[in-house]
$ cat protein_37.cif   # mmCIF, C-alpha atoms; chains and numbers go by the auth columns
data_coords
loop_
_atom_site.group_PDB
_atom_site.id
_atom_site.type_symbol
_atom_site.label_atom_id
_atom_site.label_comp_id
_atom_site.label_asym_id
_atom_site.label_seq_id
_atom_site.Cartn_x
_atom_site.Cartn_y
_atom_site.Cartn_z
_atom_site.B_iso_or_equiv
_atom_site.auth_seq_id
_atom_site.auth_asym_id
ATOM 1 C CA MET A 1 9.946 -15.643 9.492 0.00 30 A
ATOM 2 C CA GLY A 2 8.316 -16.148 12.879 0.00 31 A
ATOM 3 C CA ASP A 3 4.838 -16.116 14.312 0.00 32 A
ATOM 4 C CA GLU A 4 1.872 -14.296 12.807 0.00 33 A
ATOM 5 C CA GLY A 5 2.657 -11.051 14.633 0.00 34 A
ATOM 6 C CA ALA A 6 6.211 -11.030 13.308 0.00 35 A
ATOM 7 C CA VAL A 7 4.964 -11.622 9.756 0.00 36 A
ATOM 8 C CA VAL A 8 2.527 -8.737 10.079 0.00 37 A
ATOM 9 C CA ASP A 9 5.170 -6.362 11.473 0.00 38 A
ATOM 10 C CA LYS A 10 8.123 -7.359 9.298 0.00 39 A
ATOM 11 C CA LEU A 11 6.445 -8.136 5.993 0.00 40 A
ATOM 12 C CA ILE A 12 3.015 -6.586 5.852 0.00 41 A
ATOM 13 C CA LYS A 13 3.341 -3.261 7.685 0.00 42 A
ATOM 14 C CA ALA A 14 6.957 -2.440 6.871 0.00 43 A
ATOM 15 C CA ASN A 15 6.629 -3.323 3.207 0.00 44 A
ATOM 16 C CA ALA A 16 3.312 -1.510 2.810 0.00 45 A
ATOM 17 C CA ARG A 17 4.557 1.726 4.368 0.00 46 A
ATOM 18 C CA VAL A 18 7.588 1.967 2.109 0.00 47 A
ATOM 19 C CA LYS A 19 5.830 0.779 -1.035 0.00 48 A
ATOM 20 C CA VAL A 20 2.789 3.034 -0.566 0.00 49 A
ATOM 21 C CA ARG A 21 4.888 6.135 0.069 0.00 50 A
ATOM 22 C CA ASN A 22 6.967 5.489 -3.035 0.00 51 A
ATOM 23 C CA ILE A 23 3.957 4.819 -5.243 0.00 52 A
ATOM 24 C CA LEU A 24 2.091 7.902 -3.995 0.00 53 A
ATOM 25 C CA LYS A 25 5.009 10.104 -5.058 0.00 54 A
ATOM 26 C CA GLY A 26 3.958 9.417 -8.637 0.00 55 A
ATOM 27 C CA PHE A 27 0.466 10.848 -8.183 0.00 56 A
ATOM 28 C CA SER A 28 -0.860 14.346 -7.617 0.00 57 A
ATOM 29 C CA ALA A 29 -3.159 15.413 -4.787 0.00 58 A
ATOM 30 C CA ALA A 30 -5.973 15.592 -7.354 0.00 59 A
ATOM 31 C CA ASP A 31 -5.395 11.912 -8.183 0.00 60 A
ATOM 32 C CA LEU A 32 -6.081 11.032 -4.557 0.00 61 A
ATOM 33 C CA GLN A 33 -9.555 12.518 -4.542 0.00 62 A
ATOM 34 C CA GLY A 34 -12.812 11.252 -5.954 0.00 63 A
ATOM 35 C CA GLU A 35 -12.739 8.533 -8.586 0.00 64 A
ATOM 36 C CA GLY A 36 -8.979 8.819 -9.046 0.00 65 A
ATOM 37 C CA LEU A 37 -8.475 7.307 -5.607 0.00 66 A
ATOM 38 C CA ALA A 38 -9.767 3.914 -6.769 0.00 67 A
ATOM 39 C CA GLU A 39 -7.134 3.798 -9.516 0.00 68 A
ATOM 40 C CA VAL A 40 -4.366 4.661 -7.057 0.00 69 A
ATOM 41 C CA GLU A 41 -5.578 1.971 -4.659 0.00 70 A
ATOM 42 C CA GLN A 42 -5.582 -0.571 -7.495 0.00 71 A
ATOM 43 C CA VAL A 43 -1.975 0.248 -8.435 0.00 72 A
ATOM 44 C CA ILE A 44 -0.875 -0.115 -4.819 0.00 73 A
ATOM 45 C CA GLN A 45 -2.848 -3.317 -4.333 0.00 74 A
ATOM 46 C CA GLU A 46 -1.236 -4.977 -7.356 0.00 75 A
ATOM 47 C CA GLU A 47 2.276 -3.983 -6.260 0.00 76 A
ATOM 48 C CA LEU A 48 1.709 -5.254 -2.719 0.00 77 A
ATOM 49 C CA ARG A 49 -0.004 -8.434 -3.930 0.00 78 A
ATOM 50 C CA GLN A 50 3.080 -9.387 -5.948 0.00 79 A
ATOM 51 C CA ASP A 51 5.376 -8.785 -2.978 0.00 80 A
ATOM 52 C CA TYR A 52 3.218 -10.680 -0.526 0.00 81 A
ATOM 53 C CA GLU A 53 2.454 -13.656 -2.750 0.00 82 A
ATOM 54 C CA SER A 54 6.158 -14.286 -3.199 0.00 83 A
ATOM 55 C CA GLU A 55 6.246 -14.715 0.588 0.00 84 A
ATOM 56 C CA GLY A 56 3.155 -16.948 0.702 0.00 85 A
ATOM 57 C CA VAL A 57 0.762 -14.246 1.936 0.00 86 A
ATOM 58 C CA TRP A 58 -2.464 -13.415 0.095 0.00 87 A
ATOM 59 C CA LEU A 59 -3.609 -9.821 -0.121 0.00 88 A
ATOM 60 C CA ILE A 60 -7.392 -9.771 -0.246 0.00 89 A
ATOM 61 C CA SER A 61 -7.949 -6.032 -0.470 0.00 90 A
ATOM 62 C CA PHE A 62 -6.272 -2.701 0.065 0.00 91 A
ATOM 63 C CA GLU A 63 -7.668 0.753 0.680 0.00 92 A
ATOM 64 C CA LEU A 64 -6.257 4.126 1.592 0.00 93 A
ATOM 65 C CA ARG A 65 -7.725 6.046 4.496 0.00 94 A
ATOM 66 C CA ASP A 66 -6.989 9.199 6.452 0.00 95 A
ATOM 67 C CA ILE A 67 -4.990 10.796 3.647 0.00 96 A
ATOM 68 C CA GLU A 68 -3.169 13.869 4.891 0.00 97 A
ATOM 69 C CA PHE A 69 -1.483 16.337 2.573 0.00 98 A
ATOM 70 C CA LYS A 70 1.666 18.103 3.715 0.00 99 A
ATOM 71 C CA GLN A 71 3.129 21.088 2.013 0.00 100 A
ATOM 72 C CA ASP A 72 6.913 20.903 1.610 0.00 101 A
#

$ encode --input "protein_37.cif" --output "structure tokens"
Amino acid sequence: MGDEGAVVDKLIKANARVKVRNILKGFSAADLQGEGLAEVEQVIQEELRQDYESEGVWLISFELRDIEFKQD
């Protein structure tokens, strides 16, 4: 797959962006506030962990930050 930078760009970042966006579509804005945020992060972390481990990469932790809401 390449050097560490290539792994980060091709596997970690690209996969996370797509996966996180798709998972977040299943939650409301209210789910992303307060205690609900921890549950959302856990769902995302488990999904990403499965993807990464199949490629030999360990996901230690995951957290959402700088959440912006857009009105369609």

$ residues_near_point --input "protein_37.cif" --point "(10.5, -10.9, -0.5)" --cutoff "12 Å" --atoms "only C-alpha atoms" --output "number ranges by chain"
A: 30, 36, 39-41, 43-44, 77-86

$ write_last_selection --input "protein_37.cif" --atoms "C-alpha atoms" --output "PDB file, keeping the file's coordinate frame"
ATOM      1  CA  MET A  30       9.946 -15.643   9.492  1.00  0.00           C
ATOM      2  CA  VAL A  36       4.964 -11.622   9.756  1.00  0.00           C
ATOM      3  CA  LYS A  39       8.123  -7.359   9.298  1.00  0.00           C
ATOM      4  CA  LEU A  40       6.445  -8.136   5.993  1.00  0.00           C
ATOM      5  CA  ILE A  41       3.015  -6.586   5.852  1.00  0.00           C
ATOM      6  CA  ALA A  43       6.957  -2.440   6.871  1.00  0.00           C
ATOM      7  CA  ASN A  44       6.629  -3.323   3.207  1.00  0.00           C
ATOM      8  CA  LEU A  77       1.709  -5.254  -2.719  1.00  0.00           C
ATOM      9  CA  ARG A  78      -0.004  -8.434  -3.930  1.00  0.00           C
ATOM     10  CA  GLN A  79       3.080  -9.387  -5.948  1.00  0.00           C
ATOM     11  CA  ASP A  80       5.376  -8.785  -2.978  1.00  0.00           C
ATOM     12  CA  TYR A  81       3.218 -10.680  -0.526  1.00  0.00           C
ATOM     13  CA  GLU A  82       2.454 -13.656  -2.750  1.00  0.00           C
ATOM     14  CA  SER A  83       6.158 -14.286  -3.199  1.00  0.00           C
ATOM     15  CA  GLU A  84       6.246 -14.715   0.588  1.00  0.00           C
ATOM     16  CA  GLY A  85       3.155 -16.948   0.702  1.00  0.00           C
ATOM     17  CA  VAL A  86       0.762 -14.246   1.936  1.00  0.00           C
TER      18      VAL A  86
END

$ closest_residue --input "protein_37.cif" --among "A:Ala67, A:Ala58, A:Val49, A:Ile73" --to "Glu97 in chain A" --atoms "only C-alpha atoms"
A:Ala58

$ atom_distance --input "protein_37.cif" --atom1 "CA of Gln71 in chain A" --atom2 "CA of Glu92 in chain A"
8.5 Å

$ closest_residue --input "protein_37.cif" --among "A:Val69, A:Leu93, A:Phe98, A:Glu64" --to "Arg46 in chain A" --atoms "only C-alpha atoms"
A:Leu93

$ residues_around --input "protein_37.cif" --residues "Arg94 in chain A" --least-positions-apart "3" --cutoff "12 Å" --atoms "only C-alpha atoms" --output "list in words"
Leu61, Gln62, Leu66, Ala67, Glu70, Phe91 and Glu97 of chain A

$ atom_distance --input "protein_37.cif" --atom1 "CA of Lys99 in chain A" --atom2 "CA of Arg50 in chain A"
12.9 Å

$ atom_distance --input "protein_37.cif" --atom1 "CA of Glu68 in chain A" --atom2 "CA of Asp38 in chain A"
26.4 Å

$ closest_residue --input "protein_37.cif" --among "A:Gly65, A:Ala35, A:Glu76, A:Trp87" --to "Ile52 in chain A" --atoms "all atoms listed in the file"
A:Glu76

$ closest_residue --input "protein_37.cif" --among "A:Ala45, A:Asp32, A:Gly63, A:Val37" --to "Glu75 in chain A" --atoms "all atoms listed in the file"
A:Ala45

$ decode --input "protein_37.cif" --residues "range 60-87 of chain A" --atoms "N, CA and C atoms" --output "mmCIF file, in the first residue's frame"
data_model
loop_
_atom_site.group_PDB
_atom_site.id
_atom_site.type_symbol
_atom_site.label_atom_id
_atom_site.label_comp_id
_atom_site.auth_asym_id
_atom_site.auth_seq_id
_atom_site.Cartn_x
_atom_site.Cartn_y
_atom_site.Cartn_z
ATOM 1 N N ASP A 60 -29.169 13.934 18.116
ATOM 2 C CA ASP A 60 -28.311 12.803 18.481
ATOM 3 C C ASP A 60 -26.849 13.212 18.599
ATOM 4 N N LEU A 61 -26.484 14.284 17.937
ATOM 5 C CA LEU A 61 -25.083 14.709 17.895
ATOM 6 C C LEU A 61 -24.751 15.735 18.963
ATOM 7 N N GLN A 62 -25.635 15.872 19.924
ATOM 8 C CA GLN A 62 -25.414 16.820 21.011
ATOM 9 C C GLN A 62 -25.495 16.090 22.342
ATOM 10 N N GLY A 63 -24.777 16.571 23.299
ATOM 11 C CA GLY A 63 -24.824 16.008 24.644
ATOM 12 C C GLY A 63 -24.377 14.562 24.695
ATOM 13 N N GLU A 64 -25.088 13.776 25.499
ATOM 14 C CA GLU A 64 -24.718 12.382 25.722
ATOM 15 C C GLU A 64 -24.904 11.511 24.486
ATOM 16 N N GLY A 65 -25.779 11.913 23.577
ATOM 17 C CA GLY A 65 -25.995 11.151 22.362
ATOM 18 C C GLY A 65 -24.762 11.076 21.481
ATOM 19 N N LEU A 66 -23.906 12.083 21.588
ATOM 20 C CA LEU A 66 -22.692 12.131 20.783
ATOM 21 C C LEU A 66 -21.785 10.932 21.063
ATOM 22 N N ALA A 67 -21.690 10.525 22.301
ATOM 23 C CA ALA A 67 -20.834 9.382 22.660
ATOM 24 C C ALA A 67 -21.307 8.107 21.962
ATOM 25 N N GLU A 68 -22.614 7.926 21.869
ATOM 26 C CA GLU A 68 -23.157 6.745 21.195
ATOM 27 C C GLU A 68 -22.822 6.770 19.704
ATOM 28 N N VAL A 69 -22.965 7.939 19.096
ATOM 29 C CA VAL A 69 -22.651 8.090 17.676
ATOM 30 C C VAL A 69 -21.175 7.799 17.439
ATOM 31 N N GLU A 70 -20.316 8.344 18.284
ATOM 32 C CA GLU A 70 -18.880 8.090 18.155
ATOM 33 C C GLU A 70 -18.565 6.604 18.277
ATOM 34 N N GLN A 71 -19.253 5.917 19.171
ATOM 35 C CA GLN A 71 -19.022 4.481 19.363
ATOM 36 C C GLN A 71 -19.408 3.698 18.114
ATOM 37 N N VAL A 72 -20.530 4.040 17.507
ATOM 38 C CA VAL A 72 -20.969 3.367 16.277
ATOM 39 C C VAL A 72 -19.929 3.554 15.179
ATOM 40 N N ILE A 73 -19.471 4.793 15.022
ATOM 41 C CA ILE A 73 -18.475 5.091 13.992
ATOM 42 C C ILE A 73 -17.175 4.354 14.281
ATOM 43 N N GLN A 74 -16.746 4.390 15.532
ATOM 44 C CA GLN A 74 -15.491 3.737 15.900
ATOM 45 C C GLN A 74 -15.523 2.255 15.582
ATOM 46 N N GLU A 75 -16.615 1.577 15.876
ATOM 47 C CA GLU A 75 -16.708 0.142 15.603
ATOM 48 C C GLU A 75 -16.683 -0.146 14.100
ATOM 49 N N GLU A 76 -17.374 0.660 13.324
ATOM 50 C CA GLU A 76 -17.374 0.482 11.866
ATOM 51 C C GLU A 76 -15.964 0.673 11.297
ATOM 52 N N LEU A 77 -15.306 1.742 11.722
ATOM 53 C CA LEU A 77 -13.954 2.022 11.229
ATOM 54 C C LEU A 77 -12.961 0.960 11.702
ATOM 55 N N ARG A 78 -13.103 0.528 12.952
ATOM 56 C CA ARG A 78 -12.193 -0.481 13.499
ATOM 57 C C ARG A 78 -12.220 -1.742 12.639
ATOM 58 N N GLN A 79 -13.410 -2.176 12.248
ATOM 59 C CA GLN A 79 -13.522 -3.380 11.418
ATOM 60 C C GLN A 79 -12.826 -3.187 10.076
ATOM 61 N N ASP A 80 -13.036 -2.033 9.462
ATOM 62 C CA ASP A 80 -12.389 -1.749 8.176
ATOM 63 C C ASP A 80 -10.871 -1.728 8.302
ATOM 64 N N TYR A 81 -10.389 -1.042 9.305
ATOM 65 C CA TYR A 81 -8.948 -0.866 9.457
ATOM 66 C C TYR A 81 -8.251 -2.161 9.846
ATOM 67 N N GLU A 82 -8.854 -2.923 10.747
ATOM 68 C CA GLU A 82 -8.214 -4.159 11.188
ATOM 69 C C GLU A 82 -8.051 -5.149 10.039
ATOM 70 N N SER A 83 -8.970 -5.120 9.097
ATOM 71 C CA SER A 83 -8.829 -6.013 7.947
ATOM 72 C C SER A 83 -7.626 -5.629 7.089
ATOM 73 N N GLU A 84 -7.149 -4.406 7.270
ATOM 74 C CA GLU A 84 -5.965 -3.920 6.547
ATOM 75 C C GLU A 84 -4.720 -3.902 7.435
ATOM 76 N N GLY A 85 -4.837 -4.426 8.649
ATOM 77 C CA GLY A 85 -3.689 -4.490 9.556
ATOM 78 C C GLY A 85 -3.415 -3.198 10.305
ATOM 79 N N VAL A 86 -4.414 -2.344 10.424
ATOM 80 C CA VAL A 86 -4.265 -1.067 11.139
ATOM 81 C C VAL A 86 -5.176 -1.097 12.357
ATOM 82 N N TRP A 87 -4.658 -0.705 13.506
ATOM 83 C CA TRP A 87 -5.448 -0.681 14.736
ATOM 84 C C TRP A 87 -5.984 0.715 14.976
#
